[in-house]
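Visitor: The following file, target-v3.tsv, comprises TSV, C-alpha atoms:
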```tsv
chain	number	residue	atom	x	y	z
C	1	MET	CA	-60.89	11.64	39.59
C	2	ARG	CA	-59.88	8.23	38.31
C	3	ASN	CA	-60.72	9.28	34.73
C	4	PHE	CA	-58.61	12.41	35.08
C	5	PHE	CA	-55.74	10.29	36.41
C	6	LEU	CA	-55.97	7.90	33.46
C	7	ILE	CA	-56.09	10.79	31.01
C	8	GLY	CA	-53.01	12.28	32.66
C	9	VAL	CA	-51.11	9.00	32.42
C	10	LEU	CA	-52.15	8.59	28.78
C	11	PHE	CA	-51.11	12.15	27.92
C	12	GLY	CA	-47.77	11.69	29.64
C	13	THR	CA	-47.18	8.45	27.76
C	14	ILE	CA	-47.90	10.17	24.45
C	15	LEU	CA	-45.48	12.98	25.26
C	16	SER	CA	-42.87	10.48	26.38
C	17	GLY	CA	-43.31	8.54	23.14
C	18	CYS	CA	-42.87	11.69	21.09
C	19	HIS	CA	-39.71	12.49	22.99
C	20	LEU	CA	-38.31	9.02	22.44
C	21	LYS	CA	-39.13	9.20	18.76
C	22	LYS	CA	-37.15	12.42	18.43
C	23	ASP	CA	-34.18	10.81	20.12
C	24	VAL	CA	-33.99	7.87	17.72
C	25	LEU	CA	-30.50	7.67	16.25
C	26	GLY	CA	-30.37	8.77	12.64
C	27	THR	CA	-33.08	11.43	12.88
C	28	THR	CA	-32.65	15.17	12.38
C	29	GLU	CA	-32.77	15.68	16.15
C	30	ASN	CA	-30.21	12.93	16.77
C	31	PRO	CA	-28.10	12.47	13.63
C	32	ILE	CA	-25.43	9.79	13.28
C	33	LYS	CA	-22.21	11.43	14.43
C	34	PHE	CA	-19.42	10.61	11.96
C	35	HIS	CA	-15.93	11.88	12.86
C	36	LEU	CA	-13.02	12.35	10.47
C	37	VAL	CA	-9.47	12.47	11.78
C	38	PRO	CA	-7.92	15.85	10.85
C	39	ALA	CA	-4.99	14.55	8.81
C	40	LEU	CA	-5.40	17.14	6.04
C	41	ASP	CA	-6.36	20.76	5.53
C	42	ALA	CA	-9.64	21.44	7.37
C	43	ARG	CA	-11.22	23.16	4.37
C	44	VAL	CA	-10.48	20.18	2.11
C	45	LEU	CA	-12.06	17.85	4.67
C	46	THR	CA	-15.08	20.10	5.18
C	47	ASP	CA	-15.82	20.54	1.47
C	48	ASN	CA	-15.58	16.84	0.69
C	49	SER	CA	-17.37	15.71	3.84
C	50	LYS	CA	-20.43	17.56	2.51
C	51	VAL	CA	-20.31	15.36	-0.61
C	52	LEU	CA	-20.15	12.30	1.65
C	53	LYS	CA	-22.96	13.53	3.90
C	54	ASP	CA	-25.27	14.27	0.97
C	55	TYR	CA	-24.68	10.80	-0.51
C	56	LEU	CA	-25.26	9.00	2.79
C	57	GLU	CA	-28.49	10.88	3.47
C	58	LYS	CA	-29.74	10.29	-0.06
C	59	HIS	CA	-29.08	6.54	0.00
C	60	THR	CA	-29.97	5.68	3.60
C	61	PRO	CA	-32.96	6.59	5.79
C	62	TYR	CA	-30.62	8.34	8.26
C	63	LYS	CA	-29.41	11.85	8.95
C	64	PHE	CA	-25.71	12.46	9.55
C	65	GLN	CA	-23.49	15.01	11.25
C	66	ILE	CA	-19.89	14.85	10.01
C	67	THR	CA	-17.35	16.62	12.20
C	68	ILE	CA	-13.59	17.10	12.24
C	69	PRO	CA	-12.19	17.04	15.81
C	70	GLN	CA	-8.86	18.66	16.65
C	71	ASN	CA	-6.92	15.40	16.82
C	72	PHE	CA	-7.25	11.63	16.92
C	73	VAL	CA	-7.32	11.63	20.74
C	74	ALA	CA	-10.56	13.63	20.64
C	75	VAL	CA	-12.03	11.04	18.27
C	76	VAL	CA	-11.06	8.19	20.60
C	77	GLU	CA	-12.56	9.88	23.64
C	78	SER	CA	-15.76	10.63	21.70
C	79	PHE	CA	-16.47	6.90	21.52
C	80	GLY	CA	-16.50	6.84	25.32
C	81	THR	CA	-18.93	9.75	25.70
C	82	ASN	CA	-21.40	8.83	22.92
C	83	ARG	CA	-20.30	11.83	20.88
C	84	ALA	CA	-19.12	9.53	18.09
C	85	ASP	CA	-21.20	6.83	16.42
C	86	MET	CA	-18.59	6.13	13.74
C	87	ALA	CA	-15.23	7.48	12.68
C	88	ALA	CA	-12.55	7.25	10.02
C	89	ILE	CA	-9.61	6.92	12.37
C	90	ASN	CA	-5.89	6.20	12.20
C	91	THR	CA	-4.66	2.72	13.07
C	92	TYR	CA	-3.29	3.57	16.52
C	93	GLY	CA	-6.40	5.57	17.34
C	94	TYR	CA	-8.49	2.52	16.49
C	95	TYR	CA	-6.36	0.35	18.75
C	96	LEU	CA	-7.14	2.72	21.64
C	97	ALA	CA	-10.83	3.16	20.78
C	98	HIS	CA	-11.37	-0.60	20.65
C	99	LYS	CA	-9.39	-1.29	23.81
C	100	ARG	CA	-11.09	1.40	25.88
C	101	PHE	CA	-14.59	1.56	24.44
C	102	GLY	CA	-15.12	-1.49	22.23
C	103	ALA	CA	-15.25	0.39	18.91
C	104	GLU	CA	-15.55	-2.03	15.97
C	105	ALA	CA	-13.72	-1.82	12.64
C	106	ARG	CA	-16.12	-2.54	9.77
C	107	LEU	CA	-14.22	-1.06	6.82
C	108	THR	CA	-10.58	-0.64	5.88
C	109	VAL	CA	-9.39	1.97	3.40
C	110	ILE	CA	-7.67	0.74	0.24
C	111	ARG	CA	-4.78	2.72	-1.20
C	112	TYR	CA	-3.75	1.87	-4.74
C	113	GLY	CA	-5.09	-1.66	-4.46
C	114	SER	CA	-3.52	-2.43	-1.07
C	115	ALA	CA	-5.25	-2.87	2.30
C	116	THR	CA	-1.92	-2.58	4.13
C	117	TYR	CA	0.77	0.05	4.37
C	118	GLN	CA	4.41	0.37	5.37
C	119	SER	CA	6.73	2.92	6.84
C	120	GLN	CA	9.83	4.06	5.00
C	121	PHE	CA	13.21	5.14	6.32
C	122	LEU	CA	14.72	8.04	4.40
C	123	ALA	CA	18.17	9.63	4.21
C	124	ARG	CA	19.97	12.03	1.91
C	125	ALA	CA	21.22	10.36	-1.25
C	126	ASP	CA	24.70	11.79	-0.70
C	127	SER	CA	25.00	10.40	2.84
C	128	LYS	CA	26.89	7.27	3.90
C	129	ILE	CA	23.72	5.70	5.30
C	130	LYS	CA	22.94	2.63	3.21
C	131	THR	CA	21.09	0.29	5.62
C	132	LEU	CA	19.18	0.60	8.87
C	133	LYS	CA	22.23	-0.63	10.77
C	134	ASP	CA	23.88	2.64	9.74
C	135	LEU	CA	21.37	4.54	11.90
C	136	ASN	CA	23.17	3.45	15.06
C	137	GLY	CA	24.39	6.60	16.78
C	138	LYS	CA	22.67	8.91	14.25
C	139	LYS	CA	20.05	11.66	14.60
C	140	VAL	CA	16.67	10.43	13.34
C	141	ALA	CA	13.40	12.34	12.84
C	142	PHE	CA	9.97	10.80	13.43
C	143	VAL	CA	6.49	12.28	12.96
C	144	ASP	CA	4.88	12.17	16.40
C	145	PRO	CA	4.60	9.62	19.23
C	146	ALA	CA	1.07	8.60	18.22
C	147	SER	CA	1.80	8.13	14.50
C	148	THR	CA	1.73	4.48	13.50
C	149	SER	CA	3.61	4.90	10.21
C	150	GLY	CA	5.70	7.83	11.41
C	151	TYR	CA	6.88	6.39	14.73
C	152	LEU	CA	5.41	3.19	16.19
C	153	LEU	CA	6.03	0.92	13.21
C	154	PRO	CA	9.51	2.35	12.48
C	155	LEU	CA	10.35	2.06	16.19
C	156	LYS	CA	9.46	-1.64	16.16
C	157	THR	CA	11.58	-2.13	13.04
C	158	LEU	CA	14.59	-0.53	14.74
C	159	LYS	CA	14.05	-2.48	17.95
C	160	ASP	CA	13.87	-5.76	16.03
C	161	LEU	CA	17.27	-4.96	14.50
C	162	LYS	CA	18.65	-3.64	17.80
C	163	VAL	CA	19.42	-0.30	16.16
C	164	GLU	CA	19.75	2.63	18.57
C	165	PRO	CA	19.88	6.19	17.21
C	166	LYS	CA	21.86	8.66	19.29
C	167	ASP	CA	19.14	11.31	19.13
C	168	THR	CA	15.50	11.41	17.99
C	169	VAL	CA	13.23	14.36	17.23
C	170	PHE	CA	9.52	14.65	16.45
C	171	ALA	CA	8.74	16.85	13.45
C	172	MET	CA	4.95	16.42	13.97
C	173	LYS	CA	4.18	16.09	10.23
C	174	HIS	CA	5.34	13.68	7.53
C	175	ASP	CA	6.37	16.46	5.15
C	176	SER	CA	8.35	18.13	7.93
C	177	VAL	CA	10.40	14.93	8.39
C	178	VAL	CA	11.24	14.95	4.67
C	179	THR	CA	12.18	18.63	4.82
C	180	MET	CA	14.49	18.09	7.80
C	181	ILE	CA	16.30	15.32	5.92
C	182	TYR	CA	16.52	17.38	2.73
C	183	GLN	CA	18.00	20.32	4.62
C	184	GLY	CA	20.47	18.13	6.51
C	185	GLN	CA	19.01	18.88	9.96
C	186	VAL	CA	18.89	15.14	10.73
C	187	ASP	CA	20.70	12.10	9.39
C	188	ALA	CA	17.54	10.15	8.56
C	189	GLY	CA	13.82	9.93	9.25
C	190	ALA	CA	10.68	7.79	9.03
C	191	THR	CA	7.40	8.54	7.25
C	192	TYR	CA	4.53	6.72	5.55
C	193	TYR	CA	5.22	4.85	2.33
C	194	SER	CA	2.98	4.39	-0.70
C	195	PRO	CA	4.23	2.70	-3.89
C	196	PRO	CA	4.77	4.81	-7.03
C	197	GLN	CA	1.87	5.14	-9.46
C	198	ASN	CA	2.30	5.76	-13.18
C	199	GLY	CA	5.94	6.59	-12.62
C	200	GLN	CA	5.19	9.19	-9.94
C	201	ILE	CA	6.17	8.89	-6.27
C	202	GLU	CA	3.24	8.68	-3.83
C	203	ASP	CA	5.17	8.46	-0.54
C	204	ALA	CA	5.70	11.39	1.83
C	205	ARG	CA	8.32	13.00	-0.41
C	206	ARG	CA	5.62	14.03	-2.88
C	207	MET	CA	4.25	16.44	-0.28
C	208	VAL	CA	7.28	18.71	-0.65
C	209	LYS	CA	7.90	18.43	-4.43
C	210	THR	CA	6.50	21.90	-5.07
C	211	GLN	CA	9.01	23.40	-2.65
C	212	TYR	CA	11.85	21.00	-3.49
C	213	PRO	CA	11.42	19.70	-7.07
C	214	ASP	CA	14.57	17.57	-6.78
C	215	VAL	CA	13.54	15.87	-3.52
C	216	GLU	CA	13.26	12.49	-5.23
C	217	GLN	CA	16.91	12.70	-6.26
C	218	LYS	CA	18.17	14.25	-3.00
C	219	VAL	CA	16.27	12.06	-0.50
C	220	LYS	CA	16.35	8.29	-0.92
C	221	ILE	CA	14.51	5.36	0.63
C	222	ILE	CA	16.81	3.19	2.73
C	223	GLU	CA	14.40	0.40	3.72
C	224	LEU	CA	10.72	-0.33	4.31
C	225	SER	CA	9.05	-1.73	7.41
C	226	GLU	CA	6.77	-4.76	7.54
C	227	PRO	CA	3.16	-4.09	6.40
C	228	ILE	CA	0.22	-3.49	8.74
C	229	PRO	CA	-3.50	-2.86	8.00
C	230	ASN	CA	-4.59	0.50	6.65
C	231	ASP	CA	-6.76	2.86	8.69
C	232	PRO	CA	-10.28	1.63	9.49
C	233	ILE	CA	-13.74	3.12	9.65
C	234	ALA	CA	-15.03	2.09	13.06
C	235	PHE	CA	-18.47	2.07	14.70
C	236	ARG	CA	-19.69	2.44	18.27
C	237	LYS	CA	-20.12	-1.08	19.67
C	238	ASP	CA	-23.79	-0.72	20.73
C	239	MET	CA	-24.95	0.94	17.51
C	240	PRO	CA	-27.78	-1.15	15.95
C	241	GLU	CA	-26.37	-3.86	13.70
C	242	GLU	CA	-28.86	-3.19	10.91
C	243	MET	CA	-27.77	0.44	10.87
C	244	LYS	CA	-24.08	-0.48	10.70
C	245	GLU	CA	-24.65	-2.86	7.79
C	246	LYS	CA	-26.71	-0.31	5.86
C	247	ILE	CA	-24.05	2.38	6.28
C	248	VAL	CA	-21.20	0.02	5.37
C	249	ASP	CA	-22.98	-1.05	2.17
C	250	THR	CA	-23.71	2.58	1.28
C	251	LEU	CA	-20.10	3.65	1.84
C	252	LEU	CA	-18.94	0.84	-0.45
C	253	GLN	CA	-21.38	2.10	-3.10
C	254	PHE	CA	-20.09	5.65	-2.56
C	255	ALA	CA	-16.51	4.47	-3.11
C	256	ALA	CA	-17.54	3.03	-6.49
C	257	THR	CA	-18.80	6.38	-7.83
C	258	PRO	CA	-16.59	9.03	-9.50
C	259	GLU	CA	-17.51	11.66	-6.89
C	260	GLY	CA	-16.96	9.16	-4.10
C	261	GLN	CA	-13.53	8.19	-5.38
C	262	LYS	CA	-12.50	11.84	-5.56
C	263	ALA	CA	-13.85	12.66	-2.09
C	264	LEU	CA	-12.25	9.62	-0.46
C	265	ASP	CA	-8.92	10.43	-2.05
C	266	LEU	CA	-8.99	13.99	-0.79
C	267	MET	CA	-10.33	13.12	2.69
C	268	LEU	CA	-8.56	9.85	3.48
C	269	GLY	CA	-5.97	9.37	0.76
C	270	ALA	CA	-8.00	6.30	-0.17
C	271	THR	CA	-8.80	4.86	-3.56
C	272	ASN	CA	-11.40	2.37	-2.30
C	273	LEU	CA	-12.88	0.66	0.77
C	274	LYS	CA	-13.31	-2.97	1.79
C	275	LYS	CA	-15.19	-4.74	4.56
C	276	ALA	CA	-13.15	-5.48	7.66
C	277	THR	CA	-13.40	-7.00	11.14
C	278	ASP	CA	-11.59	-6.26	14.37
C	279	SER	CA	-9.44	-9.38	13.99
C	280	ASP	CA	-7.81	-7.77	10.94
C	281	TYR	CA	-6.01	-5.51	13.44
C	282	ASP	CA	-4.56	-8.27	15.64
C	283	SER	CA	-1.14	-7.67	14.09
C	284	VAL	CA	-1.29	-4.05	15.26
C	285	ARG	CA	-2.07	-5.14	18.81
C	286	GLU	CA	0.85	-7.56	18.71
C	287	MET	CA	3.17	-4.83	17.44
C	288	LEU	CA	2.12	-2.48	20.24
C	289	ARG	CA	2.45	-5.25	22.83
C	290	GLN	CA	6.06	-5.68	21.76
C	291	LEU	CA	6.62	-1.94	22.19
C	292	ALA	CA	5.61	-1.99	25.87
C	293	PRO	CA	5.12	0.23	27.77
C	294	GLU	CA	3.73	2.16	24.76
C	295	GLY	CA	1.49	-0.74	23.81
C	296	LYS	CA	0.02	-1.27	27.28
```
Write out the structure in this file as C-alpha cells.
Guide:
Amino acid sequence: MRNFFLIGVLFGTILSGCHLKKDVLGTTENPIKFHLVPALDARVLTDNSKVLKDYLEKHTPYKFQITIPQNFVAVVESFGTNRADMAAINTYGYYLAHKRFGAEARLTVIRYGSATYQSQFLARADSKIKTLKDLNGKKVAFVDPASTSGYLLPLKTLKDLKVEPKDTVFAMKHDSVVTMIYQGQVDAGATYYSPPQNGQIEDARRMVKTQYPDVEQKVKIIELSEPIPNDPIAFRKDMPEEMKEKIVDTLLQFAATPEGQKALDLMLGATNLKKATDSDYDSVREMLRQLAPEGK
C-alpha cells in the first residue's frame, strides 16, 4: 500500500508540474497580454498590431496576445484583474493604473523627436479672441473629461490664469472640437498639439483637412499649454523583471525598423520610443493634484 501511495503522490506531482508549466507567462497557453488604447480606427490598430505581435514573438522567447479594449478605463481595470500584463496607455490612464495597481512605465512614446506634448487652444481666425484671457465668459469645447491633452491640461492652464468660460461642452473627439470651432458652434476649444513637420500641420486640425481644406486658415492657435510627458507603455508591477527588460529592448529594436516605424505611427502616432521610469510622470501627478477633486 505504501508503494501505491508513493506512486500516487509522484504521479500527482508530475501532473501538477505539467499544469504549472502550461501556466508560465509567455507561453501559448498563457500569452503576455498586451493592451492598446483604442484611440484610432479599430481596423488600423488590428492590422498593425499583428505586425507588432509577429516581431515580438520572433525576437523574444514569449507568446503575445494583443487586444484593443473599448476604452482606457477597461485597460486600467485590466491591470487590477491580471488581464493586462502591459499596455500602451494614455497619460491619465497611466496615472490611474499606477495609483490603483502599481503599473510601471518603462517606455515613453516619442513624437517628432519630442518626449513631451502640449495642448493647444483654438479659435476662429475671424474672431476677437486673441489670448486666453479672452475666453472669460465664452463657450469652450473640450474633448472628454478623461483626456489629458483635450481637457485636464487645458483646464489647469485656464485655472492658473483664473480664466472662467461661461459654458463648456465635451465633443468626445479631437477632430470634433476642431469642427465645432470651424462651424462656429463654440467660441474656442482645446485639443492636442504637435509641431508642424516639413511645412505641414500635425496638430488636431489636420484630422479634418479632407473635409475642410481651409481649416488651417479658418481656425488659429491662440496659445499652447505647458508640456507634459507623452503616453507610456506600462507593465504589471509583479511581472518578472527579466521579461520586462527583454520586451523593452525588443520594442526599441522594433521602433528602429521601417515596418516598426510605420506600425507605431499608425497605432500610437509615435515616431520612436525611449526608456522611461515612473518618476518621469511626477509632473502629471502634480498637475492632477492641483486639479482636485479630479486629481484625487
Visitor: For CA of Leu122 (chain C) and CA of Val44 (chain C), determine how far apart the two atoms are, in Å to one decimal place.
Guide: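 Distance between the two atoms: 28.1 Å.
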Visitor: Measuring between only C-alpha atoms, which one of C:Pro240, C:Pro31, C:Pro232, C:Gly137 shows the shortest distance to Val109 (chain C)?
Guide: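 The shortest atom-to-atom distance to Val109 (chain C) comes from C:Pro232.
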Visitor: Can you work out the spacing between CA of Met207 (chain C) and CA of Ala74 (chain C) in Å, to one decimal?
Guide: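 Value for the CA of Met207 (chain C)-CA of Ala74 (chain C) distance: 25.8 Å.
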Visitor: Is it possible to get the residues within 12 Å of (-33.2, 6.4, 6.1) (coordinates as in the file, counting all atoms listed in the file) written as a PyMOL selection string?
Guide: chain C and resi 24-28+31-32+55-64+242-243+246-247+250
Visitor: Select from region 152-253 of chain C every residue with an atom at most 6 Å from any atom of region 124-134 of chain C, then for each give the shortest pair of atoms and their distance in Å to one decimal, using all atoms listed in the file, rows by chain and rising number, as CSV.
Guide:
```
residue,atom,partner,partner_atom,distance
C:Lys218,CA,C:Ala125,CA,5.2
C:Val219,CA,C:Arg124,CA,4.4
C:Lys220,CA,C:Ala125,CA,5.3
C:Ile222,CA,C:Thr131,CA,5.9
```
Visitor: Pick out the closest residue to Thr210 (chain C) from this set: C:Lys33, C:Val76, C:Lys166, C:Asp175. Count all atoms listed in the file.
Guide: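 That would be C:Asp175, the residue with the smallest distance to Thr210 (chain C).
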Visitor: Of the candidates C:Asn71, C:Gln261, C:Thr46, C:Asn230, which shows the shortest atom-to-atom distance to Ser283 (chain C), using all atoms listed in the file?
Guide: C:Asn230
Visitor: One number please: CA of Gln290 (chain C) to CA of Asp160 (chain C), in Å, one decimal.
Guide: 9.7 Å
Visitor: Which residues come within 7 Å of region 269-279 of chain C, counting only C-alpha atoms, excluding same-chain residues fewer than 6 positions away, as a PyMOL selection string?
Guide: chain C and resi 104-112+252+255+261
Visitor: With only C-alpha atoms as the basis for distance, which of C:Gln217, C:Thr179, C:Thr257, C:Gln118 is at the shortest distance from Tyr192 (chain C)?
Guide: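 Under the stated criterion, the closest residue is C:Gln118.
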Visitor: Could you make a table, as a tab-separated table, of the residues of region 191-264 of chain C that have an atom within 10 Å of an atom of region 147-156 of chain C, each with its nearest atom pair and distance in Å to one decimal, counting all atoms listed in the file, in chain and number order?
Guide:
```
residue	atom	partner	partner_atom	distance
C:Thr191	CA	C:Gly150	CA	4.5
C:Tyr192	CA	C:Ser149	CA	5.1
C:Tyr193	CA	C:Ser149	CA	8.0
C:Leu224	CA	C:Pro154	CA	8.7
C:Ser225	CA	C:Pro154	CA	6.5
C:Glu226	CA	C:Leu153	CA	8.1
C:Pro227	CA	C:Leu153	CA	8.9
C:Ile228	CA	C:Leu153	CA	8.6
C:Asn230	CA	C:Ser149	CA	10.0
C:Asp231	CA	C:Thr148	CA	9.9
```
Visitor: Counting only C-alpha atoms, select every polymer residue within 9 Å of (-9.3, -2.4, 16.1) as defined in the file's coordinates, and provide the selection as an MDAnalysis selection string.
Guide: chainID C and resid 91:99 102:105 232 234 277:282 284:285
Visitor: Of the candidates C:Asp167, C:Ala88, C:Tyr117, C:Arg205, which one gets nearest to Phe72 (chain C) if we count all atoms listed in the file?
Guide: C:Ala88
Visitor: Point out the residue among C:Gln70, C:Gln183, C:Asn136, C:Asn90 with the least atom-to-atom distance to Val215 (chain C), counting only C-alpha atoms.
Guide: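 Checking each candidate against Val215 (chain C), we get C:Gln183 as the closest.
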